[in-house]
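Data first, discussion second: the structure below is written as structure tokens.
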Amino acid sequence: MQPEVRAVHDVLTWAQVEETASSIAAMQEPDGAIPWTVGEHTDVWNHVESAMALVVGGQVEAAERAYDWVRSTQRADGSWPMKIVGGQVEDHSGETNMSAYLAVGVWHHWLIRQDDEFVRRMWPTVRRGLDWVVDMQLPFGGIAWSREWLDGEPGAVNPEALLAGSSSIYQSLRAGSAIADLLGDPQPEWELAGGRLGHAVREHRDEFLDKSEFSMDWYYPVLGGAVRGAAGRELIASRWDTFVEPGLGIRCVSRNPWVTGAETCELVLALDAIGDRTRALQLLADMQHLRAEEGKYFTGYVFPDDVNWPAEHTTYTAAAVILAADALSHTTPGSGIMRGTTLAPDFAEIGLECGCESADQVAGVS
């Protein structure tokens, strides 16, 4: 049996965290984009997560170049292309989860830097992104996952919702509402959409596309904040043995013997959010076999073959490690971003269109 990990510094020193942030900055492209890895595509969700990690790791100038890139690549409707490679759009379709996540990054930057000018500069971009997202809400409360683009114009909406994506959007709406309160520019339509969305994530998970073989669908309702307390602990317990590989991390897909660092660190953050610090620390320790030279991280590990696959170092994996280390060490003022303690309060379940009775209190949340 492995010994219990008692402190983050037993896993990573802060100097190692800063080294990992430097490895992300080293892969940033001249225009500010942060691709998955050198030569690969950039998407705005993983790009923003990397920018958050850069701020935590002291790479503020690189982080702010990353946020400038976000502003420069937003389309008029508030969305971003799903894939950009070397400054060229490879996939024009827009994904709601990606377009929402900027709000989390901007609020996180504010918590750490307290830079009023930065927040005001980013606010129109955040607002357009979240307005686009809430316009894609489905009657049961989930958010349609994407919209196609044809000949330079918005096309058909894909009318299905992803549970992991919608769970992340719930956090984004709370972050966006916190920014709105900070700036004195309330957005009641986001609060209404957030109440309906949180209700869907808690009560209507069967209405989302079935992606239950992916670990993200398991823990994201907790990570995004819609399911916490006893309900969150019960949800995490329900598939622990399916996904967790002791000593290695967690599987990305239940049927594949492949553990991945980013998903493992996201589960670390979810566990921290429900107060399960011991298992969170152990999982952070378990995935350190993916650490490579100069603080980089391999994406994953195929354990029957004893091989890192793919043979690449990814910025989003490194970023997830940094955010998990910060959450568990409480090093920066942004360390609680996933716990949700600084976000706008959970939204009231009002105006439901799913057939359920609307309530004044949010069910299932501690």
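The chains in the structure tokens are called A, B, ... from first to last as shown; in each chain the residues are counted from 1, and the ligands are counted from 1 in the order shown.
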
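Excluding Trp69 of chain A itself and any same-chain residue fewer than 3 positions from it, the protein and nucleic acid residues within 7 Å of it, counting only C-alpha atoms, are Asp31, Gly32, Ala33, Arg65, Ala66, Ser72 and Thr73 of chain A.
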
Written file, previous selection with C-alpha atoms, as a compact mmCIF listing (two decimals), in the first residue's frame:
# COMPACT_ATOMS: atom_id res chain seq x y z
CA ASP A 31 0.62 35.67 -31.95
CA GLY A 32 -0.15 34.54 -28.38
CA ALA A 33 -1.92 31.27 -29.20
CA ARG A 65 -0.62 37.87 -24.63
CA ALA A 66 -2.79 34.76 -24.55
CA SER A 72 -8.49 39.14 -31.51
CA THR A 73 -9.95 35.81 -32.65

For this session: Please identify which residues in segment 119-237 of chain A DSSP calls helix (DSSP H, G or I) from the backbone, and express them as a PyMOL selection string.
Result: chain A and resi 119-134+163-183+188-203+205-207+215-223+229-237

Closest-contact table, segment 65-106 of chain A side, partner segment 340-346 of chain A, 12 Å, counting only C-alpha atoms, as CSV:
residue,atom,partner,partner_atom,distance
A:Ala103,CA,A:Leu343,CA,10.7
A:Val104,CA,A:Leu343,CA,9.2
A:Val106,CA,A:Leu343,CA,11.9

Those residues you just picked out, can you put them in a file as an mmCIF file, in the first residue's frame with N, CA, C and O atoms?
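Output below, filename part-v5.cif:
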data_model
loop_
_atom_site.group_PDB
_atom_site.id
_atom_site.type_symbol
_atom_site.label_atom_id
_atom_site.label_comp_id
_atom_site.auth_asym_id
_atom_site.auth_seq_id
_atom_site.Cartn_x
_atom_site.Cartn_y
_atom_site.Cartn_z
ATOM 1 N N ALA A 103 -14.852 33.405 -19.391
ATOM 2 C CA ALA A 103 -15.317 34.056 -18.163
ATOM 3 C C ALA A 103 -14.572 33.526 -16.944
ATOM 4 O O ALA A 103 -14.211 34.294 -16.034
ATOM 5 N N VAL A 104 -14.324 32.223 -16.905
ATOM 6 C CA VAL A 104 -13.591 31.630 -15.787
ATOM 7 C C VAL A 104 -12.162 32.168 -15.753
ATOM 8 O O VAL A 104 -11.637 32.537 -14.702
ATOM 9 N N VAL A 106 -10.969 35.016 -16.984
ATOM 10 C CA VAL A 106 -10.906 36.443 -16.629
ATOM 11 C C VAL A 106 -11.150 36.638 -15.131
ATOM 12 O O VAL A 106 -10.465 37.439 -14.475
#

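Closest approach to Ile34 of chain A among A:Arg127, A:His9, A:Lys83, A:Arg233: A:Lys83, based on only C-alpha atoms.
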
For this session: Find the spatial neighbours of segment 181-189 of chain A, counting only C-alpha atoms, within a cut-off of 9 Å - ignore same-chain residues fewer than 2 positions away - and output them as a VMD selection string.
Result: chain A and resid 119 to 120 123 127 131 134 176 to 179 191 to 194 344

May I have a table of the residues of segment 46-133 of chain A lying at most 12 Å from segment 246-268 of chain A, giving each one's closest pair of atoms and their distance in Å to one decimal, counting only C-alpha atoms, ordered by chain and ascending residue number, as a Markdown table?
| residue | atom | partner | partner_atom | distance |
| --- | --- | --- | --- | --- |
| A:Asn46 | CA | A:Ala262 | CA | 10.6 |
| A:Glu49 | CA | A:Ala262 | CA | 11.0 |
| A:Ser50 | CA | A:Ala262 | CA | 11.7 |

Output C-alpha atoms for every residue in that selection, as a JSON list (two decimals), in the first residue's frame.
[["chain", "number", "residue", "atom", "x", "y", "z"],
["A", 46, "ASN", "CA", -7.59, 24.71, -23.48],
["A", 49, "GLU", "CA", -6.82, 27.02, -19.10],
["A", 50, "SER", "CA", -3.17, 27.39, -20.09]]

Problem set entry | Nearest-residue call for Gly295 of chain A, choices A:His204, A:Arg113, A:Met136, A:Ala318, using only C-alpha atoms | A:Ala318

Problem set entry | Exercise: Glu18 of chain A partners within 9 Å, only C-alpha atoms, chain neighbours under 2 positions left out, as number ranges by chain | A: 13-16, 20-23, 54, 56-59, 295, 322

Per residue of segment 84-170 of chain A within 6 Å of segment 210-230 of chain A, record the nearest atom pair and its distance in Å to one decimal, counting only C-alpha atoms, with rows in chain order and ascending residue number, as a Markdown table.
| residue | atom | partner | partner_atom | distance |
| --- | --- | --- | --- | --- |
| A:Leu163 | CA | A:Asp217 | CA | 6.0 |
| A:Ala164 | CA | A:Asp217 | CA | 5.0 |
| A:Ser167 | CA | A:Gly224 | CA | 5.0 |
| A:Ser168 | CA | A:Gly224 | CA | 4.8 |

Residues from last step as file, N, CA and C atoms, as an mmCIF file, in the first residue's frame:
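The new file selection.cif reads:
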data_model
loop_
_atom_site.group_PDB
_atom_site.id
_atom_site.type_symbol
_atom_site.label_atom_id
_atom_site.label_comp_id
_atom_site.auth_asym_id
_atom_site.auth_seq_id
_atom_site.Cartn_x
_atom_site.Cartn_y
_atom_site.Cartn_z
ATOM 1 N N LEU A 163 -22.921 16.547 -21.410
ATOM 2 C CA LEU A 163 -22.980 16.744 -19.963
ATOM 3 C C LEU A 163 -21.726 17.441 -19.443
ATOM 4 N N ALA A 164 -20.555 17.000 -19.879
ATOM 5 C CA ALA A 164 -19.321 17.636 -19.392
ATOM 6 C C ALA A 164 -19.272 19.094 -19.815
ATOM 7 N N SER A 167 -21.785 21.179 -17.892
ATOM 8 C CA SER A 167 -21.346 21.342 -16.509
ATOM 9 C C SER A 167 -20.296 22.433 -16.405
ATOM 10 N N SER A 168 -19.377 22.485 -17.367
ATOM 11 C CA SER A 168 -18.368 23.539 -17.372
ATOM 12 C C SER A 168 -19.003 24.898 -17.630
#

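Considering only C-alpha atoms, the residue among A:His313, A:Arg291, A:Arg205, A:Arg279 positioned nearest to Leu12 of chain A is A:Arg291.
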
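The closest residue to Gln137 of chain A, picked from A:Gly78, A:Leu102, A:Val321, A:Leu352 and counting only C-alpha atoms, is A:Leu352.
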
Exercise. Which residue out of A:Leu197, A:Ile236, A:Ala280, A:Ile24 has the minimum interatomic distance to Ser329 of chain A when only C-alpha atoms are used?
Worked result: A:Ala280
